[in-house]
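K.L.:
Structure provided below as structure tokens; questions to follow.
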Amino acid sequence: MRITLITVGKIKEKYLRDAVAEYVKRLGAYCKLEIVEVADEKTSEHAGEAEKEAVRSREGERILKHVKGDAYVITLEILGKQLSSEELADKMEGLGLQGNSHVVFVIGGSIGLGAEVLKRSDYALSFSRITFPHQLMRVILLEQIYRGFRIINGAPYHK
């Protein structure tokens with residue numbers, strides 16, 4: 001299976017970059033993983049809804065440039081469906097069995113995803129109603145993908 005993780009912005013903190021690198025290394029045994037970072041837009045602190053939508057739109061254009069037509073797109077959205085680790089593993093396994101060999105996970109920027117990205121999404125996934133920093137969310141998502149592959153393969157993993 002091929003997995004692409006498209007994220008808005010770069011990770012600045014070394015400890016988060018180290019965690020990402022560890023999961024990239026671990027996932028190498030299970031899938032072909034690509035991480036694409038697209039530039040984030042500066043948003044003023046008191047931005048109105050029109051400015052926020054313009055920012056989401058520009059970031060969305062950058063995201064969609066990396067989404068291939070045959071990819072199954074999973075967007076991380078606060079109001080998406082919440083799954084257990086086992087359910088996420090079942091989802092990933094089911095996608096593979098249905099012939100979806102390329103899965104794209106999308107993590108938006110600090111003000112979320114634009115309408116065009118949401119429209120392209122095949123599945124909205126939520127890890128919590130709590131908002132996480134998008135840099136930390138990258139680590140959490142990679143860990144859950146790794147955990148999912150371990151579950152699929154019947155391999156032990158800490159609970």
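Chain lettering (A, B, ...) mirrors the order of the structure tokens, residue numbering begins at 1 for each chain separately, and ligand numbering begins at 1 in order of display.
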Pick out the residues sitting within 12 Å of Lys91 of chain A, and hand them over as a tab-separated table (two decimals) with N, CA and C atoms, in the first residue's frame; count only C-alpha atoms, and ignore anything fewer than 5 positions along from it in its own chain.

P.N.:
```tsv
chain	number	residue	atom	x	y	z
A	72	TYR	N	-7.42	7.56	-2.61
A	72	TYR	CA	-8.53	7.62	-1.65
A	72	TYR	C	-8.09	8.64	-0.61
A	74	ILE	N	-8.41	10.81	2.79
A	74	ILE	CA	-8.96	10.88	4.15
A	74	ILE	C	-8.50	12.20	4.75
A	81	LYS	N	-15.59	11.31	11.50
A	81	LYS	CA	-15.95	10.08	12.23
A	81	LYS	C	-14.80	9.67	13.13
A	82	GLN	N	-15.13	9.38	14.38
A	82	GLN	CA	-14.12	8.90	15.32
A	82	GLN	C	-14.10	7.38	15.28
A	83	LEU	N	-12.89	6.83	15.16
A	83	LEU	CA	-12.70	5.39	15.09
A	83	LEU	C	-11.75	4.94	16.19
A	84	SER	N	-11.92	3.71	16.63
A	84	SER	CA	-10.92	3.10	17.51
A	84	SER	C	-9.72	2.72	16.64
A	85	SER	N	-8.62	2.36	17.26
A	85	SER	CA	-7.45	1.91	16.51
A	85	SER	C	-7.78	0.69	15.67
A	86	GLU	N	-8.56	-0.22	16.23
A	86	GLU	CA	-8.94	-1.43	15.50
A	86	GLU	C	-9.83	-1.09	14.30
A	96	GLY	N	-7.47	-1.48	1.05
A	96	GLY	CA	-6.55	-2.30	0.26
A	96	GLY	C	-7.28	-3.41	-0.47
A	97	LEU	N	-8.21	-4.06	0.22
A	97	LEU	CA	-8.96	-5.16	-0.39
A	97	LEU	C	-9.87	-4.67	-1.51
A	98	GLN	N	-10.32	-3.41	-1.41
A	98	GLN	CA	-11.19	-2.83	-2.45
A	98	GLN	C	-10.39	-2.27	-3.62
A	100	ASN	N	-7.96	0.07	-3.40
A	100	ASN	CA	-7.45	1.43	-3.17
A	100	ASN	C	-6.02	1.32	-2.65
A	103	VAL	N	-3.58	5.69	-0.49
A	103	VAL	CA	-4.39	6.42	0.48
A	103	VAL	C	-3.65	7.70	0.85
A	123	TYR	N	-13.35	10.51	2.88
A	123	TYR	CA	-13.69	10.09	4.24
A	123	TYR	C	-13.16	11.15	5.20
A	125	LEU	N	-12.12	11.91	8.94
A	125	LEU	CA	-11.69	11.21	10.15
A	125	LEU	C	-11.39	12.21	11.24
A	145	ILE	N	-1.35	5.00	12.15
A	145	ILE	CA	-1.17	4.22	10.92
A	145	ILE	C	-0.27	3.03	11.20
A	148	GLY	N	-2.13	0.56	13.17
A	148	GLY	CA	-3.07	-0.12	12.27
A	148	GLY	C	-2.42	-1.25	11.50
A	149	PHE	N	-1.24	-1.01	10.95
A	149	PHE	CA	-0.53	-2.07	10.23
A	149	PHE	C	-0.13	-3.22	11.16
A	151	ILE	N	-1.81	-4.15	13.80
A	151	ILE	CA	-3.07	-4.87	14.06
A	151	ILE	C	-3.42	-5.75	12.85
A	152	ILE	N	-3.35	-5.19	11.65
A	152	ILE	CA	-3.66	-5.92	10.43
A	152	ILE	C	-2.80	-7.18	10.32
```

K.L.:
Apply DSSP to the structure's backbone, then extract all residues of segment 115-148 of chain A labelled strand (DSSP E) and return them as number ranges by chain.

P.N.:
A: 123-126

K.L.:
Give me the residues within 8 Å of Phe105 of chain A as a list in words, counting only C-alpha atoms and dropping any in the same chain fewer than 3 places off.

P.N.:
Ile3, Thr4, Leu5, Ile6, Val73, Ile74, Thr75 and Leu76 of chain A

K.L.:
Quick one: pick out all alpha helix (DSSP H) residues within chain A from a backbone DSSP run and write them as a PyMOL selection string.

P.N.:
chain A and resi 14-27+49-64+85-97+115-120+134-152

K.L.:
Find the residues near Leu136 of chain A: any atom within 12 Å, counting only C-alpha atoms, skip ones fewer than 3 places away on the same chain, and give them as number ranges by chain.

P.N.:
A: 7, 9-20, 107, 109-110, 131-133, 139-143

K.L.:
Please produce a file of those selected residues containing C-alpha atoms, as an mmCIF file, in the first residue's frame.

P.N.:
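Result file follows (out-v5.cif):
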```cif
data_model
loop_
_atom_site.group_PDB
_atom_site.id
_atom_site.type_symbol
_atom_site.label_atom_id
_atom_site.label_comp_id
_atom_site.auth_asym_id
_atom_site.auth_seq_id
_atom_site.Cartn_x
_atom_site.Cartn_y
_atom_site.Cartn_z
ATOM 1 C CA THR A 7 0.339 18.503 5.728
ATOM 2 C CA GLY A 9 3.389 23.784 7.336
ATOM 3 C CA LYS A 10 6.703 22.455 8.545
ATOM 4 C CA ILE A 11 7.589 20.957 11.897
ATOM 5 C CA LYS A 12 9.943 23.292 13.721
ATOM 6 C CA GLU A 13 10.470 21.381 16.974
ATOM 7 C CA LYS A 14 13.279 18.812 16.924
ATOM 8 C CA TYR A 15 11.498 16.389 19.255
ATOM 9 C CA LEU A 16 8.511 16.227 16.880
ATOM 10 C CA ARG A 17 10.771 15.802 13.826
ATOM 11 C CA ASP A 18 12.505 12.947 15.671
ATOM 12 C CA ALA A 19 9.168 11.285 16.441
ATOM 13 C CA VAL A 20 8.057 11.603 12.801
ATOM 14 C CA ILE A 107 -3.855 17.492 7.833
ATOM 15 C CA GLY A 109 -3.332 24.245 8.763
ATOM 16 C CA SER A 110 -4.196 26.133 11.911
ATOM 17 C CA THR A 131 -8.098 20.611 18.629
ATOM 18 C CA PHE A 132 -4.491 19.451 18.367
ATOM 19 C CA PRO A 133 -1.578 21.460 16.965
ATOM 20 C CA VAL A 139 2.986 12.314 14.964
ATOM 21 C CA ILE A 140 -0.337 11.027 16.307
ATOM 22 C CA LEU A 141 -1.548 10.084 12.821
ATOM 23 C CA LEU A 142 1.688 8.298 11.901
ATOM 24 C CA GLU A 143 1.566 6.360 15.178
#
```

K.L.:
Can you pull out every residue within 9 Å of Arg150 of chain A, counting only C-alpha atoms, but drop anything in the same chain fewer than 6 positions away, and send it as a VMD selection string?

P.N.:
chain A and resid 30 89 156 to 157

K.L.:
Output C-alpha atoms for every residue in the selection just made, as a PDB file, in the first residue's frame.

P.N.:
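Listed below is the output, out.pdb:
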```pdb
ATOM      1  CA  TYR A  30       4.530  -2.013   5.858  1.00  0.00           C
ATOM      2  CA  ALA A  89      -6.969  -0.781  10.946  1.00  0.00           C
ATOM      3  CA  PRO A 156       2.107  -7.354  19.031  1.00  0.00           C
ATOM      4  CA  TYR A 157       2.010  -3.683  19.938  1.00  0.00           C
TER       5      TYR A 157
END
```

K.L.:
Pick out the closest residue to Gly99 of chain A from this set: A:Val117, A:Val8, A:Leu64, A:Met1. Count only C-alpha atoms.

P.N.:
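Looking at the shortest contact to Gly99 of chain A, the residue is A:Met1.
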
K.L.:
Kindly indicate which residue among A:Glu116, A:Gly80, A:Gln135, A:Met92 lies nearest to Ala54 of chain A, using only C-alpha atoms for the distances.

P.N.:
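The answer is A:Glu116, which sits nearest to Ala54 of chain A.
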
K.L.:
For Glu61 of chain A, please output as a list in words all residues within 10 Å (counting only C-alpha atoms; exclusion window: fewer than 3 positions along the same chain).

P.N.:
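Neighbouring residues, sequence-local ones excluded: Val38, Arg56, Ser57, Arg58, Leu64, Lys65, His66, Gly114, Glu116 and Val117 of chain A.
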